[in-house]
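A.B. asks: One structure is given below, represented as structure tokens, and several questions about it will come after.
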There are 2 protein chains.
Amino acid sequence: MARPREFDVDAALDRAVDVFWEHGYEGASLAQLTEAMGINKPSMYAAFGDKRQLFEKAVQRYIAVGPAWEMEAFALPTAREATATFLHRTVDVVASDDHPHGCLVVQGIGKCSPDNRPMRDYVAQQRANALELIRERFERAVAEGDPTMNADPETLALYTAGLSEGIAVRANDGVPAAKLHRMVDLAIQGVFVQPVATG
Amino acid sequence: MARPREFDVDAALDRAVDVFWEHGYEGASLAQLTEAMGINKPSMYAAFGDKRQLFEKAVQRYIAVGPAWEMEAFALPTAREATATFLHRTVDVVASDDHPHGCLVVQGIGKCSPDNRPMRDYVAQQRANALELIRERFERAVAEGDPTMNADPETLALYTAGLSEGIAVRANDGVPAAKLHRMVDLAIQGVFVQPVATG
DNA sequence: CTGGTTTTGTACCGCACGGTATCAAACCGT
DNA sequence: ACGGTTTGATACCGTGCGGTACAAAACCAG
């Protein structure tokens, strides 16, 4: 029983994701954000709260599309296939020309002003969650007697997650996807047991 | 033939390195910097130019201590030893409690405001230089017929550099050095040829 | 049509930022 | 002792930031 909102909240959030993805939390100004979102500041404030909450919601939306393919990769039968698929798709995402290169969660806010420390901790928590997901996949592999496992799950998870972050940094620097894919092949080939052809 | 400066420029720069290391380029304010340096703004301006030049000089000083052990690592006889030493020492540096965790060059400025893009490009260039150094070491290994080499130099260099950046990110998140060292062991063991015991 | 409610646009606020004008104090060659 | 020169401290400037007050416009229930 009042005036309806003239813009689509989810669409506006998608635009905000792009701006944060390109400029990070500290580097994205409200003016830049609201212009990209096609709304003005009071509308943004009414719909999302403030800049911090907007960022948190943008990160949530950003990682919401992640688990789709992430879970798909982890559903593959062996740890080796799961990891290879996960890392290759990571390359596809962070080196795609459809979005800014790099990763919002890895580089959206790193070192920062003390005032923004809560946001830094927030994305660090997201990284920790991702690490935990990977570790659980490898724990499962051990429990299943996965023949491709060749290291303890925690170390292997840190290795996998660390590689994905290195990939994001280098993609952000402009290293082309093809080189990153070769790097992933190398990383997988050495660390997992090569499946043996039967027969 | 005039009043001499009352502070040590190099010592002040060291303090600036610490502040940038902890808060990044955008997150470090002039007030914070000059307070840590023990000088006031006009003195900083007279001695270093402006914030950008101060940052560039801080980065140069930061990486100046790097090559010392970096070159030492690369001087080791085999690519495997060189890489292992390089990565283990990287862990020692980025996870040390003597400094802020993480790496100034990797996380000091990532995604950022358009105005600060030149600084982002500057540190990206430093990362590219590091990658090139590593690649040259592996090229040399191939030329020498190094028996531990098992991949093409460019891919292996990207792998090594990418790992070092992943290590920096995770160290910044608080992952302890011991876990990172195990991750390095895993990364080395799989990708390089194991030296064979003679006899 | 009318009243109550919410959104929207403009114009603004206080503040902290990077950077600087100013002037007294400190130094050194002569 | 003195004059030219540079440092040092204070106080300030313009700007852009995140955030908001206010009033007009748009809507729906009755």
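Note on naming: chains are A, B, ... as they come in the structure tokens, residues start from 1 per chain, ligands start from 1 in the order shown.
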Just the residues within 9 Å of DG18 in chain D, please, counting only C-alpha atoms (C1' of nucleotides), with nothing from its chain fewer than 4 positions along; format it as a ChimeraX atom specification.
C.D. replies: /A:29-30,50-51
A.B. asks: How close does chain B get to chain A? List, as CSV, each residue of chain B within 9 Å, its nearest atom pair and the distance in Å to one decimal, counting only C-alpha atoms.
C.D. replies:
residue,atom,partner,partner_atom,distance
B:Phe20,CA,A:Lys111,CA,8.3
B:Trp21,CA,A:Lys111,CA,7.5
B:Glu22,CA,A:Lys111,CA,6.1
B:His23,CA,A:Cys112,CA,4.4
B:Gly24,CA,A:Lys111,CA,4.8
B:Tyr25,CA,A:Cys112,CA,8.0
B:Glu26,CA,A:Cys112,CA,7.0
B:Gly27,CA,A:Ser113,CA,3.9
B:Ala28,CA,A:Ser113,CA,6.1
B:Ser29,CA,A:Ser113,CA,8.1
B:Gly102,CA,A:Lys111,CA,8.8
B:Leu104,CA,A:Lys111,CA,8.3
B:Val106,CA,A:Val169,CA,7.8
B:Gln107,CA,A:Gly110,CA,5.5
B:Gly108,CA,A:Lys111,CA,5.8
B:Ile109,CA,A:Lys111,CA,7.5
B:Gly110,CA,A:Gln107,CA,5.5
B:Lys111,CA,A:His23,CA,4.7
B:Cys112,CA,A:Gly27,CA,4.4
B:Ser113,CA,A:Gly27,CA,3.9
B:Pro114,CA,A:His23,CA,7.4
B:Asp115,CA,A:Gly27,CA,8.9
B:Asn116,CA,A:Gly27,CA,8.5
B:Asp121,CA,A:Asp173,CA,8.3
B:Ala124,CA,A:Asp173,CA,6.1
B:Gln125,CA,A:Asp173,CA,8.6
B:Arg127,CA,A:Asp173,CA,8.5
B:Ala128,CA,A:Asp173,CA,8.3
B:Ala151,CA,A:Leu186,CA,7.6
B:Glu154,CA,A:Lys179,CA,8.5
B:Thr155,CA,A:Met183,CA,5.4
B:Leu156,CA,A:Met183,CA,7.0
B:Ala157,CA,A:Met183,CA,8.9
B:Leu158,CA,A:Met183,CA,6.6
B:Tyr159,CA,A:Met183,CA,5.6
B:Ala161,CA,A:Gly166,CA,7.6
B:Gly162,CA,A:Gly166,CA,4.1
B:Leu163,CA,A:Leu163,CA,5.7
B:Ser164,CA,A:Gly166,CA,7.3
B:Glu165,CA,A:Gly166,CA,5.0
B:Gly166,CA,A:Gly162,CA,4.1
B:Ile167,CA,A:Gly162,CA,6.1
B:Ala168,CA,A:Gly162,CA,8.7
B:Val169,CA,A:Glu165,CA,7.2
B:Arg170,CA,A:Gly162,CA,6.9
B:Asn172,CA,A:Gly110,CA,8.3
B:Asp173,CA,A:Ala124,CA,6.1
B:Lys179,CA,A:Thr155,CA,6.8
B:Leu180,CA,A:Leu158,CA,7.8
B:Arg182,CA,A:Thr155,CA,6.4
B:Met183,CA,A:Thr155,CA,5.4
B:Val184,CA,A:Tyr159,CA,7.9
B:Leu186,CA,A:Val191,CA,7.1
B:Ala187,CA,A:Val191,CA,7.0
B:Ile188,CA,A:Gly190,CA,8.8
B:Gln189,CA,A:Val191,CA,7.6
B:Gly190,CA,A:Gly190,CA,4.1
B:Val191,CA,A:Gly190,CA,4.5
B:Phe192,CA,A:Gly190,CA,7.8
A.B. asks: Pull out every residue of chain C that has at least one atom within 10 Å of chain B, counting only C-alpha atoms (C1' of nucleotides), and report them as a ChimeraX atom specification.
C.D. replies: /C:16-20,25-29
A.B. asks: Please identify the alpha helix (DSSP H) residues within range 21-121 of chain B (assignment by DSSP from backbone atoms) and present them as a PyMOL selection string.
C.D. replies: chain B and resi 21-27+30-37+41-48+51-74+79-94+104-107+117-121
A.B. asks: Please produce a file of the residues just selected, as a CSV table (one decimal), in the first residue's frame, where the atoms kept are C-alpha atoms.
C.D. replies:
chain,number,residue,atom,x,y,z
B,21,TRP,CA,52.9,-3.9,4.8
B,22,GLU,CA,50.2,-3.9,7.4
B,23,HIS,CA,47.6,-1.7,5.8
B,24,GLY,CA,48.4,-1.6,2.1
B,25,TYR,CA,48.7,1.5,-0.1
B,26,GLU,CA,45.1,2.7,0.0
B,27,GLY,CA,44.6,1.7,3.6
B,30,LEU,CA,49.6,10.0,5.7
B,31,ALA,CA,48.8,10.7,9.3
B,32,GLN,CA,49.5,7.0,10.2
B,33,LEU,CA,52.6,6.9,8.1
B,34,THR,CA,54.2,10.1,9.4
B,35,GLU,CA,53.3,9.2,13.0
B,36,ALA,CA,55.1,5.8,12.6
B,37,MET,CA,58.0,7.5,10.8
B,41,LYS,CA,54.0,15.7,6.8
B,42,PRO,CA,56.1,18.5,5.3
B,43,SER,CA,59.2,16.5,6.3
B,44,MET,CA,57.9,13.4,4.6
B,45,TYR,CA,56.9,15.5,1.5
B,46,ALA,CA,60.4,17.1,1.3
B,47,ALA,CA,62.2,13.8,1.7
B,48,PHE,CA,60.1,11.5,-0.4
B,51,LYS,CA,52.5,9.3,-1.1
B,52,ARG,CA,53.0,7.4,-4.4
B,53,GLN,CA,56.8,7.9,-4.4
B,54,LEU,CA,57.0,7.0,-0.8
B,55,PHE,CA,55.1,3.8,-1.6
B,56,GLU,CA,57.4,3.0,-4.6
B,57,LYS,CA,60.5,3.6,-2.5
B,58,ALA,CA,59.0,1.4,0.3
B,59,VAL,CA,58.3,-1.4,-2.2
B,60,GLN,CA,61.9,-1.1,-3.5
B,61,ARG,CA,63.2,-1.3,-0.1
B,62,TYR,CA,60.9,-4.2,0.7
B,63,ILE,CA,62.1,-6.2,-2.3
B,64,ALA,CA,65.7,-5.2,-1.8
B,65,VAL,CA,66.0,-7.6,1.1
B,66,GLY,CA,64.3,-10.3,-0.9
B,67,PRO,CA,66.8,-10.9,-3.7
B,68,ALA,CA,69.4,-11.5,-1.0
B,69,TRP,CA,68.0,-14.9,0.0
B,70,GLU,CA,66.2,-15.3,-3.3
B,71,MET,CA,69.5,-15.2,-5.2
B,72,GLU,CA,71.0,-17.4,-2.6
B,73,ALA,CA,68.3,-20.0,-3.2
B,74,PHE,CA,68.6,-19.8,-7.0
B,79,ALA,CA,66.2,-26.6,-9.7
B,80,ARG,CA,64.5,-28.8,-7.1
B,81,GLU,CA,66.7,-27.5,-4.3
B,82,ALA,CA,66.5,-23.9,-5.6
B,83,THR,CA,62.7,-24.0,-5.7
B,84,ALA,CA,62.3,-25.8,-2.3
B,85,THR,CA,64.6,-23.3,-0.6
B,86,PHE,CA,62.9,-20.4,-2.3
B,87,LEU,CA,59.4,-21.5,-1.2
B,88,HIS,CA,60.4,-22.5,2.3
B,89,ARG,CA,62.1,-19.1,2.8
B,90,THR,CA,59.0,-17.4,1.4
B,91,VAL,CA,57.0,-19.1,4.1
B,92,ASP,CA,59.5,-18.0,6.8
B,93,VAL,CA,59.1,-14.4,5.6
B,94,VAL,CA,55.4,-14.1,5.1
B,104,LEU,CA,53.5,-6.3,0.6
B,105,VAL,CA,53.9,-6.9,-3.1
B,106,VAL,CA,51.1,-9.5,-3.3
B,107,GLN,CA,48.5,-7.8,-1.1
B,117,ARG,CA,45.8,2.1,-10.9
B,118,PRO,CA,49.3,3.2,-11.5
B,119,MET,CA,50.4,1.9,-8.2
B,120,ARG,CA,48.6,-1.4,-8.9
B,121,ASP,CA,50.5,-1.7,-12.2
A.B. asks: Mind dumping a table of every chain D residue within 8 Å of chain B, with the nearest atom pair and its distance in Å to one decimal, using only C-alpha atoms (C1' of nucleotides), sorted by chain and rising number, as JSON lines?
C.D. replies:
{"residue": "D:DT5", "atom": "C1'", "partner": "B:Ala2", "partner_atom": "CA", "distance": 5.2}
{"residue": "D:DT6", "atom": "C1'", "partner": "B:Arg3", "partner_atom": "CA", "distance": 5.2}
{"residue": "D:DT7", "atom": "C1'", "partner": "B:Arg3", "partner_atom": "CA", "distance": 6.0}
{"residue": "D:DG8", "atom": "C1'", "partner": "B:Ser43", "partner_atom": "CA", "distance": 7.4}
{"residue": "D:DA9", "atom": "C1'", "partner": "B:Asn40", "partner_atom": "CA", "distance": 7.8}
A.B. asks: Can you pull out every residue within 12 Å of DC15 in chain C, counting only C-alpha atoms (C1' of nucleotides), but drop anything in the same chain fewer than 5 positions away, and send it as a count of residues only?
C.D. replies: 5
A.B. asks: Just how far from CA of Ile134 in chain B is CA of Asp146 in chain B, in Å to one decimal?
C.D. replies: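 Separating CA of Asp146 in chain B from CA of Ile134 in chain B is a distance of 15.0 Å.
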A.B. asks: I'd like the interatomic distance between CA of Ala75 in chain B and CA of Glu144 in chain B, to a tenth of an Å.
C.D. replies: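 Atom-to-atom, CA of Ala75 in chain B and CA of Glu144 in chain B are spaced 13.2 Å apart.
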A.B. asks: Just how far from CA of Gly38 in chain A is CA of Arg15 in chain A, in Å to one decimal?
C.D. replies: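 If I compute the distance from CA of Arg15 in chain A to CA of Gly38 in chain A, I get 8.7 Å.
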